[in-house]
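Asker: Can you read through this structure? Questions will come right after.
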Amino acid sequence: MSLFYLVILALVQGITEFLPISSSAHLILAPQVLGQADQGPLIDVMAHAGSLLAVLVYFRSDVGSVVLGKLALLQGRITPGGRIALLVGASLPPIILVAGALVVFDLVDALRSPLVIAIATLVFAAPLWLADRYGRQVETLETMSFKQAALIGVAQLFALIPGASRSGVTMTAARALGLTRSESARFSMLMAIPVIGAFGLVSLIELIRAGEAAGGASLGDGLIVAGLSFVTAWAAIAVLMKLVDRIGFLPFALYRVALGLALLAFSI
């Protein structure tokens, strides 16, 4: 696998994972657009590992607070970090149950087609803009309810459709429920930690069972992708968190429309 292709995959994963534009859509299409064979499970696992490390490092204060908060919960005390842990926990049951069912019944790849990606990319652009345009900006993680967290978790189910974007649907739901732009992005990324971790674990188990890195990738290739994904994901998070209150989500909605139209032309 060429170094150029590894760099492209890492940049795509790192930049798009936490932006509301669908990393899976870009990663699924990258081999087709570049005329390459599928990158294989090892590269997918390592790319997501780099992204996971980036969000852990960027939100290290929140992560540390959550860890201490969980310990306090065991002692019967609810700290701010413990409350965040409970909010994230309230968002997880829908995605765990439905994603688990898809894995058990081997339906994960059923929707991975350019046409489905194109349609989902277009369809979910409008709700992103509408929720941001008309949603109130009054709630923070300190004031949001567990019901709101659970509803955002239900919205996360749409992320199982390639092209919908996990970040996109969760930020859309958060804005519709009144969270500020920065807090919507913050909660979406904290929600991503257990989801990406679970995805990586399942993929790693499948990789071990297969006994080989499909796609011709080596461990060295995987390490390169992980490192570059970490750097680009960290930069993407930093840029989004600094600018989202100023620019809103309209630029991302417009990008989704342009990408969706291009994908339609590519797939028809």
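Chain lettering (A, B, ...) mirrors the order of the structure tokens, residue numbering begins at 1 for each chain separately, and ligand numbering begins at 1 in order of display.
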Please build the interface table for stretch 96-128 of chain A against stretch 180-196 of chain A with a cut-off of 12 Å, listing for each qualifying residue the nearest atom pair and the distance in Å to one decimal; count only C-alpha atoms, order rows by chain and increasing number, and write it as JSON lines.

Answerer:
{"residue": "A:Ile96", "atom": "CA", "partner": "A:Val195", "partner_atom": "CA", "distance": 8.4}
{"residue": "A:Ala99", "atom": "CA", "partner": "A:Val195", "partner_atom": "CA", "distance": 10.1}
{"residue": "A:Gly100", "atom": "CA", "partner": "A:Val195", "partner_atom": "CA", "distance": 11.7}
{"residue": "A:Leu128", "atom": "CA", "partner": "A:Arg181", "partner_atom": "CA", "distance": 11.5}

Asker: Please, could you write that set of residues out with N, CA, C and O atoms as a PDB file, in the first residue's frame?

Answerer:
ATOM      1  N   ILE A  96     -26.158   0.922  20.993  1.00  0.00           N
ATOM      2  CA  ILE A  96     -25.617  -0.377  21.386  1.00  0.00           C
ATOM      3  C   ILE A  96     -26.538  -1.496  20.917  1.00  0.00           C
ATOM      4  O   ILE A  96     -26.093  -2.494  20.328  1.00  0.00           O
ATOM      5  N   ALA A  99     -26.894  -1.340  16.751  1.00  0.00           N
ATOM      6  CA  ALA A  99     -25.625  -1.694  16.103  1.00  0.00           C
ATOM      7  C   ALA A  99     -25.266  -3.141  16.410  1.00  0.00           C
ATOM      8  O   ALA A  99     -24.759  -3.868  15.537  1.00  0.00           O
ATOM      9  N   GLY A 100     -25.541  -3.575  17.632  1.00  0.00           N
ATOM     10  CA  GLY A 100     -25.285  -4.967  17.988  1.00  0.00           C
ATOM     11  C   GLY A 100     -26.099  -5.922  17.137  1.00  0.00           C
ATOM     12  O   GLY A 100     -25.598  -6.961  16.685  1.00  0.00           O
ATOM     13  N   LEU A 128     -29.603  19.675   9.611  1.00  0.00           N
ATOM     14  CA  LEU A 128     -28.453  20.291  10.274  1.00  0.00           C
ATOM     15  C   LEU A 128     -28.566  21.810  10.241  1.00  0.00           C
ATOM     16  O   LEU A 128     -28.380  22.488  11.257  1.00  0.00           O
TER      17      LEU A 128
END

Asker: What are the DSSP helix (DSSP H, G or I) residues of stretch 11-217 of chain A, as a ChimeraX atom specification?

Answerer: /A:11-16,23-33,41-58,60-74,80-91,93-104,114-123,125-134,146-160,166-176,181-210

Asker: Residues at most 10 Å from A:Leu29, counting only C-alpha atoms, excluding those fewer than 6 positions away in the same chain, as a ChimeraX atom specification?

Answerer: /A:23,35,38,112-114,117,263

Asker: For stretch 253-258 of chain A, work out the shell of residues within 9 Å, counting only C-alpha atoms and skipping chain neighbours fewer than 4 positions away, then give it as a PyMOL selection string.

Answerer: chain A and resi 20-22+121-129+249+262-263

Asker: Take the residues that were just selected and, keeping N, CA and C atoms, output them as a JSON list (two decimals), in the first residue's frame.

Answerer:
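Everything below was put into again-v9.json:
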[["chain", "number", "residue", "atom", "x", "y", "z"],
["A", 20, "PRO", "N", -19.43, 17.42, 11.01],
["A", 20, "PRO", "CA", -20.74, 16.86, 10.64],
["A", 20, "PRO", "C", -20.90, 16.60, 9.15],
["A", 21, "ILE", "N", -19.91, 15.86, 8.57],
["A", 21, "ILE", "CA", -19.93, 15.62, 7.13],
["A", 21, "ILE", "C", -19.73, 14.15, 6.76],
["A", 22, "SER", "N", -19.68, 13.26, 7.74],
["A", 22, "SER", "CA", -19.62, 11.82, 7.55],
["A", 22, "SER", "C", -18.25, 11.29, 7.14],
["A", 121, "THR", "N", -26.25, 11.83, 2.52],
["A", 121, "THR", "CA", -25.48, 13.07, 2.62],
["A", 121, "THR", "C", -26.36, 14.28, 2.32],
["A", 122, "LEU", "N", -27.21, 14.16, 1.31],
["A", 122, "LEU", "CA", -28.12, 15.25, 0.95],
["A", 122, "LEU", "C", -29.25, 15.40, 1.96],
["A", 123, "VAL", "N", -29.88, 14.30, 2.32],
["A", 123, "VAL", "CA", -31.08, 14.35, 3.18],
["A", 123, "VAL", "C", -30.78, 14.97, 4.54],
["A", 124, "PHE", "N", -29.62, 14.64, 5.10],
["A", 124, "PHE", "CA", -29.33, 15.11, 6.46],
["A", 124, "PHE", "C", -28.66, 16.49, 6.48],
["A", 125, "ALA", "N", -28.50, 17.11, 5.32],
["A", 125, "ALA", "CA", -27.95, 18.47, 5.29],
["A", 125, "ALA", "C", -28.98, 19.49, 5.76],
["A", 126, "ALA", "N", -30.23, 19.35, 5.31],
["A", 126, "ALA", "CA", -31.28, 20.31, 5.67],
["A", 126, "ALA", "C", -31.56, 20.34, 7.17],
["A", 127, "PRO", "N", -31.74, 19.19, 7.84],
["A", 127, "PRO", "CA", -31.98, 19.24, 9.29],
["A", 127, "PRO", "C", -30.84, 19.89, 10.06],
["A", 128, "LEU", "N", -29.60, 19.68, 9.61],
["A", 128, "LEU", "CA", -28.45, 20.29, 10.27],
["A", 128, "LEU", "C", -28.57, 21.81, 10.24],
["A", 129, "TRP", "N", -28.89, 22.36, 9.07],
["A", 129, "TRP", "CA", -29.01, 23.81, 8.95],
["A", 129, "TRP", "C", -30.24, 24.33, 9.69],
["A", 249, "PHE", "N", -23.29, 26.04, 11.61],
["A", 249, "PHE", "CA", -23.20, 24.78, 10.87],
["A", 249, "PHE", "C", -23.58, 24.92, 9.40],
["A", 262, "ALA", "N", -22.32, 15.57, -5.97],
["A", 262, "ALA", "CA", -21.19, 14.96, -6.67],
["A", 262, "ALA", "C", -21.26, 13.43, -6.60],
["A", 263, "LEU", "N", -21.67, 12.93, -5.45],
["A", 263, "LEU", "CA", -21.79, 11.48, -5.29],
["A", 263, "LEU", "C", -22.91, 10.92, -6.14]]

Asker: Leaving out A:Ala236 and any residue of its chain fewer than 6 positions from it, which residues lie within 9 Å of it when counting only C-alpha atoms, given as a PyMOL selection string?

Answerer: chain A and resi 14-19

Asker: Could you jot down the atom CA of A:Thr140 to atom CA of A:Leu179 separation for me, Å, one decimal place?

Answerer: 5.7 Å

Asker: Near A:Met46, counting only C-alpha atoms, which residues have an atom at most 8 Å away, once you skip same-chain residues fewer than 3 positions from it, shown as a VMD selection string?

Answerer: chain A and resid 42 to 43 49 to 50 222 to 223 225 to 226

Asker: Please provide the set of residues having any atom within 9 Å of A:Ile84, restricted to only C-alpha atoms, with same-chain residues fewer than 6 positions apart removed, written as a list in words.

Answerer: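 The contact residues come out as Asp62, Ser65, Val66, Gly69, Leu141, Glu142, Phe187 and Leu190 of chain A.
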
Asker: Taking only C-alpha atoms into account, which of A:Gly64, A:Ile95, A:Gly135, A:Leu261 comes nearest A:Pro80?

Answerer: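 That would be A:Gly64, the residue with the smallest distance to A:Pro80.
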
Asker: So what do you get for atom CA of A:His48 versus atom CA of A:Ser203, distance-wise?

Answerer: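 Atom-to-atom, atom CA of A:His48 to atom CA of A:Ser203, that is 10.1 Å.
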
Asker: Atom CA of A:Ile78 and atom CA of A:Val63, how far apart in Å?

Answerer: 15.5 Å

Asker: Of the candidates A:Leu3, A:Ala101, A:Ala131, A:Ala176, which one gets nearest to A:Leu250 if we count only C-alpha atoms?

Answerer: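 Nearest to A:Leu250: A:Ala131.
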